[in-house]
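Q: Enclosed is the structure file structure.cif (mmCIF, C-alpha atoms and all ligand atoms).
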data_upload
loop_
_atom_site.label_atom_id
_atom_site.label_comp_id
_atom_site.auth_asym_id
_atom_site.auth_seq_id
_atom_site.Cartn_x
_atom_site.Cartn_y
_atom_site.Cartn_z
CA MET A 1 -38.90 19.09 -66.74
CA LYS A 2 -35.68 19.48 -64.70
CA LYS A 3 -36.67 16.50 -62.57
CA ALA A 4 -37.29 14.37 -65.66
CA LEU A 5 -33.88 15.34 -67.09
CA ALA A 6 -32.12 14.49 -63.81
CA LEU A 7 -33.89 11.14 -63.77
CA LEU A 8 -32.83 10.48 -67.35
CA VAL A 9 -29.20 11.29 -66.54
CA ALA A 10 -29.28 9.10 -63.44
CA PHE A 11 -30.76 6.27 -65.50
CA ALA A 12 -28.13 6.67 -68.22
CA ILE A 13 -25.33 6.47 -65.62
CA THR A 14 -26.73 3.40 -63.82
CA ALA A 15 -27.45 1.67 -67.09
CA GLY A 16 -23.87 2.35 -68.25
CA THR A 17 -25.19 4.21 -71.30
CA VAL A 18 -22.82 6.64 -72.94
CA MET A 19 -24.29 10.12 -73.00
CA ALA A 20 -23.98 12.45 -75.96
CA GLY A 21 -20.57 14.11 -75.98
CA GLN A 22 -19.20 11.77 -73.32
CA ILE A 23 -15.66 10.53 -73.97
CA THR A 24 -15.12 6.76 -73.98
CA VAL A 25 -11.68 5.40 -73.12
CA GLY A 26 -10.61 1.76 -73.35
CA PHE A 27 -7.82 0.93 -70.89
CA ALA A 28 -6.10 -2.45 -71.28
CA GLN A 29 -4.43 -2.81 -67.86
CA LEU A 30 -1.77 -5.54 -67.80
CA GLY A 31 -2.56 -7.11 -64.43
CA ALA A 32 -2.45 -6.65 -60.66
CA GLU A 33 1.05 -7.94 -59.94
CA SER A 34 2.23 -5.31 -57.47
CA MET A 35 1.13 -2.56 -55.11
CA TRP A 36 2.35 -0.11 -57.73
CA ARG A 37 -0.09 -1.60 -60.24
CA THR A 38 -3.01 -1.42 -57.79
CA ALA A 39 -2.29 2.28 -57.23
CA ASN A 40 -2.04 2.81 -60.99
CA THR A 41 -5.42 1.12 -61.60
CA ASP A 42 -7.02 3.20 -58.81
CA SER A 43 -5.62 6.38 -60.38
CA ILE A 44 -6.91 5.48 -63.87
CA LYS A 45 -10.36 4.47 -62.58
CA GLY A 46 -10.71 7.24 -59.99
CA GLU A 47 -9.81 10.07 -62.35
CA ALA A 48 -12.19 8.78 -65.06
CA ALA A 49 -15.03 8.79 -62.53
CA LYS A 50 -14.12 12.33 -61.40
CA ARG A 51 -14.22 13.66 -64.95
CA GLY A 52 -17.33 11.76 -66.07
CA ILE A 53 -15.35 9.79 -68.63
CA ASN A 54 -16.84 6.47 -69.70
CA LEU A 55 -14.00 4.03 -68.93
CA VAL A 56 -14.01 0.53 -70.39
CA PHE A 57 -11.41 -1.20 -68.25
CA SER A 58 -9.93 -4.66 -68.68
CA ASP A 59 -7.33 -6.60 -66.67
CA ALA A 60 -5.12 -8.90 -68.78
CA GLN A 61 -3.82 -10.88 -65.78
CA GLN A 62 -0.22 -10.63 -66.96
CA LYS A 63 -0.93 -12.18 -70.37
CA GLN A 64 -0.04 -10.32 -73.54
CA GLU A 65 -2.67 -12.18 -75.59
CA ASN A 66 -5.38 -10.91 -73.23
CA GLN A 67 -4.13 -7.35 -73.66
CA ILE A 68 -4.18 -7.71 -77.45
CA LYS A 69 -7.74 -9.10 -77.28
CA ALA A 70 -8.80 -6.16 -75.11
CA VAL A 71 -7.34 -3.64 -77.58
CA ARG A 72 -9.16 -5.38 -80.46
CA SER A 73 -12.42 -5.24 -78.55
CA PHE A 74 -11.90 -1.50 -77.86
CA ILE A 75 -11.38 -0.99 -81.60
CA ALA A 76 -14.62 -2.88 -82.32
CA GLN A 77 -16.43 -0.73 -79.73
CA GLU A 78 -15.06 2.40 -81.45
CA VAL A 79 -13.79 3.98 -78.25
CA ASP A 80 -12.36 7.51 -78.54
CA VAL A 81 -8.90 6.72 -77.12
CA ILE A 82 -7.08 3.56 -76.02
CA GLY A 83 -4.71 3.49 -73.03
CA LEU A 84 -2.15 0.70 -73.05
CA PRO A 85 0.60 -0.26 -70.58
CA PRO A 86 2.23 -3.04 -72.65
CA LEU A 87 3.22 -6.08 -70.57
CA VAL A 88 6.32 -6.69 -72.69
CA ASN A 89 7.82 -4.39 -75.26
CA SER A 90 7.62 -6.54 -78.41
CA GLY A 91 4.78 -8.02 -80.48
CA TRP A 92 2.55 -4.95 -80.64
CA GLU A 93 2.89 -3.70 -84.20
CA PRO A 94 -0.07 -5.60 -85.81
CA VAL A 95 -2.66 -4.55 -83.22
CA LEU A 96 -1.33 -0.98 -83.02
CA ARG A 97 -1.61 -0.79 -86.80
CA GLU A 98 -5.25 -1.95 -86.54
CA ALA A 99 -5.97 0.85 -84.06
CA ARG A 100 -4.23 3.44 -86.23
CA ASP A 101 -6.12 2.25 -89.34
CA ALA A 102 -9.38 2.56 -87.39
CA GLY A 103 -8.40 6.14 -86.48
CA ILE A 104 -8.28 5.42 -82.74
CA PRO A 105 -5.33 7.07 -80.97
CA VAL A 106 -3.34 4.90 -78.55
CA ILE A 107 -1.57 6.42 -75.56
CA LEU A 108 1.10 4.17 -74.07
CA ALA A 109 0.68 4.61 -70.34
CA ASP A 110 3.52 3.45 -68.03
CA ARG A 111 5.42 1.05 -70.34
CA THR A 112 6.78 1.53 -73.84
CA VAL A 113 6.91 -0.68 -76.93
CA ASP A 114 9.85 -1.55 -79.11
CA THR A 115 9.02 -0.26 -82.60
CA SER A 116 10.77 1.71 -85.31
CA ASP A 117 7.40 3.20 -86.33
CA ASP A 118 6.44 5.66 -83.64
CA SER A 119 3.35 6.74 -85.60
CA LEU A 120 1.72 3.59 -84.17
CA TYR A 121 0.99 5.45 -80.92
CA VAL A 122 0.33 9.10 -80.25
CA SER A 123 2.13 9.49 -76.97
CA PHE A 124 3.90 7.84 -74.07
CA ILE A 125 3.25 8.93 -70.50
CA GLY A 126 5.15 7.35 -67.62
CA SER A 127 8.58 6.98 -66.09
CA ASN A 128 12.08 7.09 -67.47
CA PHE A 129 13.07 3.56 -66.42
CA ILE A 130 16.70 3.95 -67.49
CA GLN A 131 16.95 6.96 -65.21
CA GLU A 132 15.44 4.89 -62.37
CA GLY A 133 18.13 2.21 -62.84
CA GLU A 134 20.76 4.94 -62.80
CA ASN A 135 19.24 6.45 -59.65
CA ALA A 136 19.54 3.06 -57.92
CA GLY A 137 23.16 2.63 -59.09
CA ASN A 138 24.17 6.15 -58.08
CA TRP A 139 22.61 5.77 -54.63
CA LEU A 140 24.49 2.49 -54.15
CA VAL A 141 27.85 3.91 -55.22
CA ARG A 142 27.45 6.87 -52.83
CA GLU A 143 26.35 4.55 -50.01
CA LEU A 144 29.32 2.18 -50.43
CA MET A 145 31.76 5.08 -50.60
CA GLY A 146 30.24 6.65 -47.48
CA ARG A 147 30.21 3.41 -45.48
CA TYR A 148 33.47 1.78 -46.54
CA GLY A 149 35.48 4.42 -48.39
CA GLU A 150 35.51 2.16 -51.48
CA VAL A 151 33.04 0.94 -54.07
CA SER A 152 32.95 -2.83 -54.04
CA GLY A 153 30.43 -5.61 -53.50
CA GLU A 154 28.36 -8.39 -55.03
CA VAL A 155 24.92 -7.58 -56.40
CA PHE A 156 22.06 -10.10 -56.42
CA GLU A 157 19.55 -8.76 -58.92
CA LEU A 158 15.80 -9.48 -58.78
CA VAL A 159 14.73 -8.81 -62.34
CA GLY A 160 11.19 -7.75 -63.32
CA THR A 161 9.03 -9.46 -65.94
CA VAL A 162 11.24 -10.80 -68.75
CA GLY A 163 10.92 -8.59 -71.85
CA ALA A 164 9.15 -5.75 -70.00
CA ALA A 165 10.45 -2.22 -70.53
CA PRO A 166 11.01 -1.49 -66.80
CA ALA A 167 13.04 -4.71 -66.41
CA ILE A 168 15.19 -4.08 -69.48
CA ASP A 169 15.73 -0.37 -68.83
CA ARG A 170 16.29 -0.47 -65.08
CA LYS A 171 18.93 -3.15 -65.61
CA ALA A 172 20.57 -1.08 -68.35
CA GLY A 173 20.60 2.10 -66.22
CA PHE A 174 21.99 0.31 -63.18
CA GLU A 175 24.66 -1.51 -65.20
CA LYS A 176 25.73 1.73 -66.88
CA VAL A 177 26.54 3.23 -63.47
CA ILE A 178 28.28 0.22 -61.94
CA ALA A 179 30.34 -0.32 -65.11
CA ASN A 180 32.55 2.50 -63.82
CA HIS A 181 33.38 0.46 -60.72
CA PRO A 182 35.31 -2.75 -61.47
CA HIS A 183 34.88 -4.17 -57.95
CA LEU A 184 31.11 -3.81 -57.95
CA ASN A 185 29.51 -6.63 -59.94
CA ILE A 186 26.19 -8.37 -60.53
CA VAL A 187 26.85 -12.00 -59.55
CA LYS A 188 23.30 -13.40 -59.80
CA SER A 189 20.35 -12.17 -61.82
CA GLN A 190 16.93 -13.82 -62.04
CA SER A 191 13.36 -12.79 -62.77
CA GLY A 192 10.87 -12.51 -59.91
CA ASP A 193 8.18 -11.23 -62.32
CA PHE A 194 7.57 -8.07 -60.24
CA THR A 195 5.67 -10.06 -57.57
CA ARG A 196 6.33 -10.44 -53.85
CA ALA A 197 5.85 -14.23 -53.93
CA LYS A 198 8.33 -14.78 -56.76
CA GLY A 199 10.78 -12.29 -55.27
CA LYS A 200 10.80 -14.46 -52.15
CA GLU A 201 11.29 -17.66 -54.16
CA VAL A 202 14.20 -16.22 -56.13
CA MET A 203 15.84 -14.89 -52.96
CA GLU A 204 15.57 -18.35 -51.38
CA ALA A 205 17.48 -19.74 -54.38
CA PHE A 206 20.08 -16.93 -54.19
CA ILE A 207 20.74 -17.71 -50.51
CA LYS A 208 21.52 -21.33 -51.39
CA SER A 209 23.88 -20.39 -54.25
CA PRO A 210 27.70 -20.59 -54.01
CA GLU A 211 27.85 -16.87 -55.00
CA TRP A 212 25.97 -15.98 -51.81
CA GLY A 213 28.41 -17.95 -49.69
CA ARG A 214 31.39 -16.24 -51.35
CA ALA A 215 29.99 -12.69 -51.29
CA SER A 216 31.72 -10.30 -48.92
CA ARG A 217 29.24 -7.40 -49.32
CA LYS A 218 25.78 -8.64 -50.19
CA ILE A 219 23.71 -6.15 -52.17
CA ILE A 220 20.16 -6.87 -53.33
CA PHE A 221 18.84 -4.74 -56.17
CA GLY A 222 15.18 -5.44 -56.98
CA HIS A 223 13.50 -3.97 -60.05
CA ASN A 224 10.53 -3.24 -57.79
CA ASP A 225 9.77 -2.93 -54.08
CA ASP A 226 7.40 -5.89 -53.95
CA MET A 227 10.16 -8.32 -54.96
CA VAL A 228 12.51 -6.76 -52.36
CA LEU A 229 9.83 -7.15 -49.68
CA GLY A 230 9.52 -10.81 -50.67
CA ALA A 231 13.31 -11.12 -50.47
CA ILE A 232 13.30 -9.64 -46.94
CA GLN A 233 10.89 -12.39 -45.88
CA ALA A 234 13.20 -15.04 -47.36
CA LEU A 235 16.25 -13.55 -45.62
CA GLU A 236 14.52 -13.38 -42.25
CA GLU A 237 13.25 -16.95 -42.56
CA ALA A 238 16.84 -18.03 -43.28
CA GLY A 239 18.02 -16.26 -40.10
CA ILE A 240 19.79 -13.47 -42.00
CA ASN A 241 19.33 -9.89 -40.77
CA PRO A 242 18.52 -7.90 -43.93
CA GLY A 243 19.27 -4.55 -42.34
CA THR A 244 22.75 -5.31 -41.03
CA GLU A 245 23.99 -8.13 -43.26
CA CYS A 246 22.85 -6.80 -46.64
CA ILE A 247 22.10 -3.63 -48.57
CA LEU A 248 18.64 -3.68 -50.18
CA ILE A 249 17.46 -1.31 -52.90
CA GLY A 250 14.06 -1.37 -54.60
CA VAL A 251 12.13 0.70 -57.12
CA ASP A 252 8.60 2.22 -56.91
CA GLY A 253 8.52 4.03 -53.57
CA ILE A 254 5.45 2.22 -52.22
CA ALA A 255 4.49 2.97 -48.61
CA ASP A 256 5.35 -0.60 -47.55
CA ALA A 257 8.94 -0.03 -48.72
CA PHE A 258 9.10 3.22 -46.73
CA GLU A 259 7.92 1.23 -43.72
CA ALA A 260 10.55 -1.50 -44.27
CA ILE A 261 13.23 1.20 -44.53
CA ALA A 262 11.93 2.90 -41.37
CA GLN A 263 12.13 -0.49 -39.60
CA GLY A 264 15.76 -0.86 -40.70
CA LYS A 265 15.08 -3.86 -42.99
CA MET A 266 15.63 -2.13 -46.34
CA HIS A 267 17.83 0.79 -47.32
CA CYS A 268 16.58 2.66 -50.36
CA THR A 269 13.68 2.92 -52.81
CA VAL A 270 13.78 4.72 -56.13
CA GLU A 271 10.48 6.39 -56.96
CA CYS A 272 8.31 5.34 -59.93
CA ASN A 273 5.07 7.30 -60.05
CA PRO A 274 1.87 5.24 -60.66
CA LEU A 275 -0.51 8.17 -60.15
CA ILE A 276 -0.65 9.19 -63.79
CA GLY A 277 -4.47 9.24 -64.14
CA PRO A 278 -4.85 13.06 -64.17
CA GLN A 279 -2.15 13.60 -66.82
CA PHE A 280 -3.43 10.67 -68.87
CA TYR A 281 -6.95 12.12 -69.09
CA ASP A 282 -5.59 15.63 -69.75
CA MET A 283 -4.04 14.07 -72.85
CA VAL A 284 -7.23 12.17 -73.72
CA GLU A 285 -9.33 15.33 -73.47
CA ALA A 286 -6.82 17.31 -75.52
CA LEU A 287 -6.84 14.64 -78.24
CA VAL A 288 -10.63 14.54 -78.38
CA ALA A 289 -10.62 18.34 -78.66
CA GLY A 290 -8.35 17.98 -81.69
CA LYS A 291 -5.28 19.40 -79.94
CA GLU A 292 -1.73 18.13 -80.30
CA ILE A 293 -0.11 16.43 -77.32
CA PRO A 294 3.59 15.81 -76.56
CA LYS A 295 5.09 12.55 -77.78
CA ILE A 296 6.74 11.77 -74.43
CA VAL A 297 5.78 12.87 -70.92
CA TYR A 298 8.06 11.64 -68.15
CA SER A 299 7.20 11.77 -64.44
CA ILE A 300 9.56 13.63 -62.12
CA GLU A 301 10.83 11.16 -59.52
CA GLY A 302 13.07 11.06 -56.44
CA THR A 303 15.10 8.57 -54.40
CA TYR A 304 14.35 7.90 -50.73
CA ASP A 305 16.48 6.14 -48.12
CA TYR A 306 16.88 5.59 -44.39
CA MET A 307 17.67 9.27 -43.82
CA CYS A 308 14.06 10.28 -44.53
CA ALA A 309 11.78 7.22 -44.79
CA GLU A 310 10.43 7.29 -41.22
CA VAL A 311 9.53 10.98 -41.34
CA LEU A 312 7.91 10.66 -44.76
CA LEU A 313 5.99 7.44 -44.09
CA PRO A 314 2.66 9.07 -42.98
CA TRP A 315 2.66 11.24 -46.14
CA ARG A 316 3.55 8.28 -48.31
CA ARG A 317 0.66 6.26 -46.91
CA THR A 318 -1.66 8.92 -48.37
CA LEU A 319 -0.20 8.32 -51.85
CA TYR A 320 0.41 4.64 -52.61
O1 LIG B 1 5.76 -0.69 -65.15
C1 LIG B 1 5.94 -0.27 -63.83
C2 LIG B 1 6.35 -1.44 -63.00
O2 LIG B 1 5.39 -2.46 -63.10
C3 LIG B 1 6.49 -1.18 -61.53
O3 LIG B 1 7.76 -0.81 -61.14
C4 LIG B 1 6.22 -2.54 -60.98
O4 LIG B 1 6.01 -2.56 -59.61
C5 LIG B 1 5.09 -2.94 -61.80
O5 LIG B 1 4.76 -4.24 -61.74
#
Show me the file's structure as structure tokens.
A:
Amino acid sequence: MKKALALLVAFAITAGTVMAGQITVGFAQLGAESMWRTANTDSIKGEAAKRGINLVFSDAQQKQENQIKAVRSFIAQEVDVIGLPPLVNSGWEPVLREARDAGIPVILADRTVDTSDDSLYVSFIGSNFIQEGENAGNWLVRELMGRYGEVSGEVFELVGTVGAAPAIDRKAGFEKVIANHPHLNIVKSQSGDFTRAKGKEVMEAFIKSPEWGRASRKIIFGHNDDMVLGAIQALEEAGINPGTECILIGVDGIADAFEAIAQGKMHCTVECNPLIGPQFYDMVEALVAGKEIPKIVYSIEGTYDYMCAEVLLPWRRTLY
């Protein structure tokens, strides 16, 4: 009897059948644009497997319409909970209303939406992007003061995906800090779409700009590490030493950024935690059990620079 039951369970798993009582989650991932995103996907998939949750996963390849389609298909499949990291922060109200009307709770994972009706989602779990922008600005101000005894310089900003919450908020947080320093200004700002390839392309254009030629202290602030790593490639190909001729700050805290800092090619990375799978499914399980969950759960995040990157690199490689 036991053997037959085990066989039945094994068959149900291989056949992708949902077993009685098993939770089904639809997760509409936005793409695979960065190392951060890959780590986030691994965390969402890995933790579902660990907990025996039936995960229906889709990758929207950086297209909002694909994400909306995925959410609609999860509604049609009557999943228990939907996880959504919205590519951009507008245009979500109709589909979120459809999910709410169908009685399917939506947890915004990683990115937020711009809506005045916060009953359209049950919770947000992820990072405080404004705080991350402020962390980058505060690190820069301290660094300039320590190096030169004054806070001045020209910032070349590699912006994330246009309209995405991390791009809007990191910019806002950074600008809030530097607004207190009249001789520290953003002189160029362009989107590199959170990818290494586009970060490189944008940096190549920055290097050719008159602002680059005029800049006395060249600071590169990238809304993620991948774009900064692309920028480092562009600088090196142009014969510019990134470590000694520029100051480079990224966001995410990926191991590759720690390595670039340890090699003296980059100076600082502000952490953004992609490993939210365990907390996400804690919320899912609580919801399915009929419990209330907090409206906002922020990750606790640090800032890492050349003082510690080399020592921490082996540990970081074990994370993301
Ligand atoms: O939403 C989180 C951001 O998205 C990460 O900082 C970036 O690397 C990713 O593409």
Q: Using all atoms listed in the file, what are the residues with an atom within 7 Å of ligand LIG 1 (chain B), set out as a PyMOL selection string?
A: chain A and resi 33-37+110-111+166+194+223-226+251-252+272
Q: Need the axis-aligned box for stretch 272-284 of chain A with 8 Å each side, so what are the centre and edges in Å to one decimal, as AutoDock Vina command-line options?
A:
--center_x 0.5 --center_y 10.4 --center_z -66.8 --size_x 31.5 --size_y 26.4 --size_z 29.8
Q: Name the residues, using the chain letters and numbers of the file, that sit within 8 Å of (7.1, -5.1, -65.9) when counting all atoms listed in the file, and give them as an NGL selection string.
A: :A and (87-88 or 111 or 160-167 or 193-194)
Q: For A:Glu285, list every protein, DNA or RNA residue within 10 Å, evaluated using all atoms listed in the file, and leave out those in the same chain fewer than 6 positions away; present the list as a ChimeraX atom specification.
A: /A:23,51,53,80-81,279,291
Q: Could you check the closest approach to A:Trp212 for each of A:Glu154, A:Val159, A:Ile104, A:Ile240 and tell me which residue wins, using all atoms listed in the file?
A: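 Using all atoms listed in the file, A:Trp212 sits closest to A:Glu154.
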